>>> print(open('target-v2.cif').read())   # mmCIF, C-alpha atoms
data_query
#
loop_
_atom_site.label_atom_id
_atom_site.label_comp_id
_atom_site.auth_asym_id
_atom_site.auth_seq_id
_atom_site.Cartn_x
_atom_site.Cartn_y
_atom_site.Cartn_z
CA MET A 117 0.00 0.00 0.00
CA SER A 118 1.45 3.36 -0.97
CA THR A 119 1.12 6.43 1.21
CA LYS A 120 1.16 10.21 0.77
CA THR A 121 2.22 12.84 3.27
CA ILE A 122 -0.05 15.85 3.69
CA THR A 123 0.19 18.99 5.78
CA ILE A 124 -2.80 20.17 7.82
CA THR A 125 -3.18 22.84 10.45
CA GLU A 126 -3.19 22.03 14.15
CA GLU A 127 -6.89 22.98 14.23
CA ALA A 128 -7.67 20.54 11.39
CA TYR A 129 -5.66 17.81 13.14
CA ARG A 130 -7.61 18.31 16.39
CA ALA A 131 -10.91 18.24 14.47
CA LEU A 132 -9.90 15.01 12.72
CA THR A 133 -8.82 13.49 16.02
CA ARG A 134 -12.23 14.29 17.53
CA ALA A 135 -14.08 12.99 14.46
CA ARG A 136 -12.45 9.59 14.23
CA THR A 137 -13.81 6.61 16.11
CA GLU A 138 -11.87 4.74 18.78
CA LYS A 139 -10.58 1.98 16.49
CA GLU A 140 -10.38 4.06 13.30
CA SER A 141 -7.11 5.10 11.67
CA PHE A 142 -6.66 8.64 10.42
CA SER A 143 -6.83 7.34 6.84
CA ASP A 144 -10.12 5.57 7.53
CA ALA A 145 -11.53 8.70 9.18
CA VAL A 146 -10.56 10.86 6.20
CA LYS A 147 -12.15 8.40 3.77
CA ARG A 148 -15.34 8.22 5.84
CA LEU A 149 -15.61 11.98 6.23
CA ALA A 150 -14.84 12.64 2.56
CA GLU A 151 -17.63 10.41 1.24
CA ARG A 152 -20.27 12.47 -0.51
CA SER A 153 -23.24 10.30 0.40
CA ARG A 154 -23.88 7.27 2.52
CA PRO A 155 -26.51 4.60 2.18
CA ILE A 156 -29.36 4.84 4.67
CA SER A 157 -28.33 1.43 6.01
CA ASP A 158 -25.20 3.05 7.51
CA PHE A 159 -27.45 4.75 10.04
CA GLY A 160 -29.26 1.63 11.21
CA GLY A 161 -29.16 1.41 14.99
CA SER A 162 -27.69 4.90 15.38
CA TRP A 163 -30.37 5.89 17.90
CA GLU A 164 -30.35 2.52 19.66
CA ASP A 165 -28.58 3.70 22.83
CA VAL A 166 -30.32 7.07 23.10
CA PRO A 167 -32.60 7.28 26.14
CA GLU A 168 -36.34 7.42 25.39
CA THR A 169 -36.63 10.82 27.10
CA ALA A 170 -34.03 12.29 24.75
CA LEU A 171 -35.93 10.97 21.73
CA GLU A 172 -39.11 12.52 23.10
CA ASP A 173 -37.29 15.85 23.50
CA VAL A 174 -36.12 15.72 19.87
CA GLU A 175 -39.61 14.82 18.66
CA SER A 176 -41.24 17.63 20.66
CA TYR A 177 -38.67 20.14 19.34
CA PHE A 178 -39.50 19.28 15.70
CA ARG A 179 -43.27 18.87 16.15
CA PRO A 180 -44.13 22.55 15.41
CA TYR A 181 -42.09 22.47 12.20
CA ARG A 182 -44.36 19.79 10.71
CA LYS A 183 -47.22 22.28 10.60
CA VAL A 184 -45.26 24.89 8.62
CA GLY A 185 -44.84 24.69 4.84
CA TRP A 186 -41.31 24.45 3.40
CA LYS A 187 -41.42 27.92 1.80
CA LYS A 188 -42.50 29.57 5.04
CA LEU A 189 -39.95 27.55 6.99
CA GLU A 190 -37.15 28.65 4.64
CA ARG A 191 -38.17 32.31 5.07
CA MET A 192 -38.25 31.94 8.86
CA VAL A 193 -34.86 30.24 9.02
CA SER A 194 -33.29 32.86 6.74
CA LYS A 195 -34.53 35.54 9.18
CA GLY A 196 -33.28 33.60 12.20
CA ARG A 197 -36.74 32.85 13.60
CA ARG A 198 -38.02 29.73 15.32
CA VAL A 199 -41.45 28.19 15.03
CA LYS A 200 -43.42 28.50 18.27
#
>>> encode(input="target-v2.cif", output="structure tokens")
Amino acid sequence: MSTKTITITEEAYRALTRARTEKESFSDAVKRLAERSRPISDFGGSWEDVPETALEDVESYFRPYRKVGWKKLERMVSKGRRVK
């Protein structure tokens, strides 16, 4: 396997260190983060360990947004407003 040496800033190195998983190499982390799209199956089980109360909080946060049309929502977001 051939390798290449790259130069990145300290800030980028710290960000990459935080982004990689425990058993992931830097090369694997870069490849994962550089992918343009991922199949939906990659996210299977992602919420498995999240407590039910946290999921309820997320659901209640997004509930008001379901009642707003996309155009109106885009206008509100562009003006920095939240749906109440």
>>> atom_distance(input="target-v2.cif", atom1="CA of Arg136 (chain A)", atom2="CA of Arg148 (chain A)")
9.0 Å
>>> closest_residue(input="target-v2.cif", among="A:Gly185, A:Val146, A:Gly161, A:Ser141", to="Ala128 (chain A)", atoms="only C-alpha atoms")
A:Val146
>>> atom_distance(input="target-v2.cif", atom1="CA of Glu140 (chain A)", atom2="CA of Asp158 (chain A)")
15.9 Å
>>> atom_distance(input="target-v2.cif", atom1="CA of Val193 (chain A)", atom2="CA of Tyr181 (chain A)")
11.1 Å
>>> residues_around(input="target-v2.cif", residues="Ala145 (chain A)", least_positions_apart="5", cutoff="10 Å", atoms="only C-alpha atoms", output="PyMOL selection string")
chain A and resi 132-133+135-137+139-140+150
>>> decode(input="target-v2.cif", residues="region 128-160 of chain A", atoms="N, CA and C atoms", output="mmCIF file, in the first residue's frame")
data_model
loop_
_atom_site.group_PDB
_atom_site.id
_atom_site.type_symbol
_atom_site.label_atom_id
_atom_site.label_comp_id
_atom_site.auth_asym_id
_atom_site.auth_seq_id
_atom_site.Cartn_x
_atom_site.Cartn_y
_atom_site.Cartn_z
ATOM 1 N N ALA A 128 -7.112 21.625 12.194
ATOM 2 C CA ALA A 128 -7.667 20.543 11.393
ATOM 3 C C ALA A 128 -7.302 19.187 11.992
ATOM 4 N N TYR A 129 -6.085 19.057 12.511
ATOM 5 C CA TYR A 129 -5.656 17.813 13.143
ATOM 6 C C TYR A 129 -6.516 17.500 14.367
ATOM 7 N N ARG A 130 -6.776 18.520 15.195
ATOM 8 C CA ARG A 130 -7.611 18.311 16.387
ATOM 9 C C ARG A 130 -9.033 17.919 15.984
ATOM 10 N N ALA A 131 -9.555 18.562 14.946
ATOM 11 C CA ALA A 131 -10.910 18.237 14.470
ATOM 12 C C ALA A 131 -10.960 16.799 13.968
ATOM 13 N N LEU A 132 -9.948 16.382 13.231
ATOM 14 C CA LEU A 132 -9.900 15.009 12.718
ATOM 15 C C LEU A 132 -9.758 14.011 13.860
ATOM 16 N N THR A 133 -8.978 14.358 14.855
ATOM 17 C CA THR A 133 -8.816 13.494 16.020
ATOM 18 C C THR A 133 -10.150 13.296 16.741
ATOM 19 N N ARG A 134 -10.921 14.381 16.885
ATOM 20 C CA ARG A 134 -12.233 14.286 17.531
ATOM 21 C C ARG A 134 -13.228 13.499 16.685
ATOM 22 N N ALA A 135 -13.098 13.602 15.363
ATOM 23 C CA ALA A 135 -14.079 12.986 14.460
ATOM 24 C C ALA A 135 -13.868 11.486 14.272
ATOM 25 N N ARG A 136 -12.676 11.009 14.487
ATOM 26 C CA ARG A 136 -12.452 9.591 14.232
ATOM 27 C C ARG A 136 -12.941 8.735 15.397
ATOM 28 N N THR A 137 -13.325 7.524 15.087
ATOM 29 C CA THR A 137 -13.808 6.612 16.111
ATOM 30 C C THR A 137 -12.627 5.980 16.832
ATOM 31 N N GLU A 138 -12.908 5.298 17.913
ATOM 32 C CA GLU A 138 -11.867 4.739 18.776
ATOM 33 C C GLU A 138 -10.890 3.818 18.029
ATOM 34 N N LYS A 139 -11.433 2.962 17.166
ATOM 35 C CA LYS A 139 -10.583 1.977 16.487
ATOM 36 C C LYS A 139 -10.239 2.370 15.053
ATOM 37 N N GLU A 140 -10.540 3.614 14.678
ATOM 38 C CA GLU A 140 -10.377 4.063 13.298
ATOM 39 C C GLU A 140 -9.016 4.736 13.101
ATOM 40 N N SER A 141 -8.359 4.410 12.004
ATOM 41 C CA SER A 141 -7.113 5.096 11.665
ATOM 42 C C SER A 141 -7.447 6.477 11.101
ATOM 43 N N PHE A 142 -6.441 7.339 11.020
ATOM 44 C CA PHE A 142 -6.664 8.643 10.419
ATOM 45 C C PHE A 142 -7.083 8.499 8.959
ATOM 46 N N SER A 143 -6.476 7.563 8.240
ATOM 47 C CA SER A 143 -6.834 7.340 6.835
ATOM 48 C C SER A 143 -8.293 6.915 6.703
ATOM 49 N N ASP A 144 -8.719 6.005 7.565
ATOM 50 C CA ASP A 144 -10.118 5.565 7.532
ATOM 51 C C ASP A 144 -11.067 6.715 7.858
ATOM 52 N N ALA A 145 -10.682 7.556 8.815
ATOM 53 C CA ALA A 145 -11.527 8.697 9.181
ATOM 54 C C ALA A 145 -11.641 9.677 8.017
ATOM 55 N N VAL A 146 -10.532 9.951 7.344
ATOM 56 C CA VAL A 146 -10.556 10.859 6.198
ATOM 57 C C VAL A 146 -11.443 10.294 5.098
ATOM 58 N N LYS A 147 -11.309 9.005 4.806
ATOM 59 C CA LYS A 147 -12.149 8.397 3.766
ATOM 60 C C LYS A 147 -13.618 8.473 4.137
ATOM 61 N N ARG A 148 -13.946 8.176 5.394
ATOM 62 C CA ARG A 148 -15.339 8.219 5.836
ATOM 63 C C ARG A 148 -15.898 9.634 5.749
ATOM 64 N N LEU A 149 -15.141 10.605 6.215
ATOM 65 C CA LEU A 149 -15.614 11.981 6.232
ATOM 66 C C LEU A 149 -15.681 12.601 4.840
ATOM 67 N N ALA A 150 -14.885 12.078 3.918
ATOM 68 C CA ALA A 150 -14.844 12.636 2.563
ATOM 69 C C ALA A 150 -15.913 12.049 1.646
ATOM 70 N N GLU A 151 -16.581 10.987 2.066
ATOM 71 C CA GLU A 151 -17.632 10.406 1.237
ATOM 72 C C GLU A 151 -18.736 11.421 1.027
ATOM 73 N N ARG A 152 -19.229 11.499 -0.192
ATOM 74 C CA ARG A 152 -20.270 12.475 -0.508
ATOM 75 C C ARG A 152 -21.639 12.034 0.001
ATOM 76 N N SER A 153 -21.949 10.783 -0.091
ATOM 77 C CA SER A 153 -23.235 10.300 0.400
ATOM 78 C C SER A 153 -23.046 8.911 0.990
ATOM 79 N N ARG A 154 -23.942 8.574 1.876
ATOM 80 C CA ARG A 154 -23.875 7.270 2.515
ATOM 81 C C ARG A 154 -25.231 6.605 2.392
ATOM 82 N N PRO A 155 -25.225 5.292 2.240
ATOM 83 C CA PRO A 155 -26.511 4.602 2.178
ATOM 84 C C PRO A 155 -27.240 4.701 3.523
ATOM 85 N N ILE A 156 -28.535 4.719 3.467
ATOM 86 C CA ILE A 156 -29.356 4.838 4.675
ATOM 87 C C ILE A 156 -29.045 3.706 5.660
ATOM 88 N N SER A 157 -28.636 2.576 5.141
ATOM 89 C CA SER A 157 -28.331 1.431 6.006
ATOM 90 C C SER A 157 -27.163 1.723 6.960
ATOM 91 N N ASP A 158 -26.310 2.687 6.618
ATOM 92 C CA ASP A 158 -25.204 3.055 7.510
ATOM 93 C C ASP A 158 -25.700 3.622 8.838
ATOM 94 N N PHE A 159 -26.931 4.110 8.850
ATOM 95 C CA PHE A 159 -27.451 4.749 10.040
ATOM 96 C C PHE A 159 -28.311 3.825 10.893
ATOM 97 N N GLY A 160 -28.466 2.598 10.453
ATOM 98 C CA GLY A 160 -29.262 1.627 11.206
ATOM 99 C C GLY A 160 -28.709 1.440 12.606
#
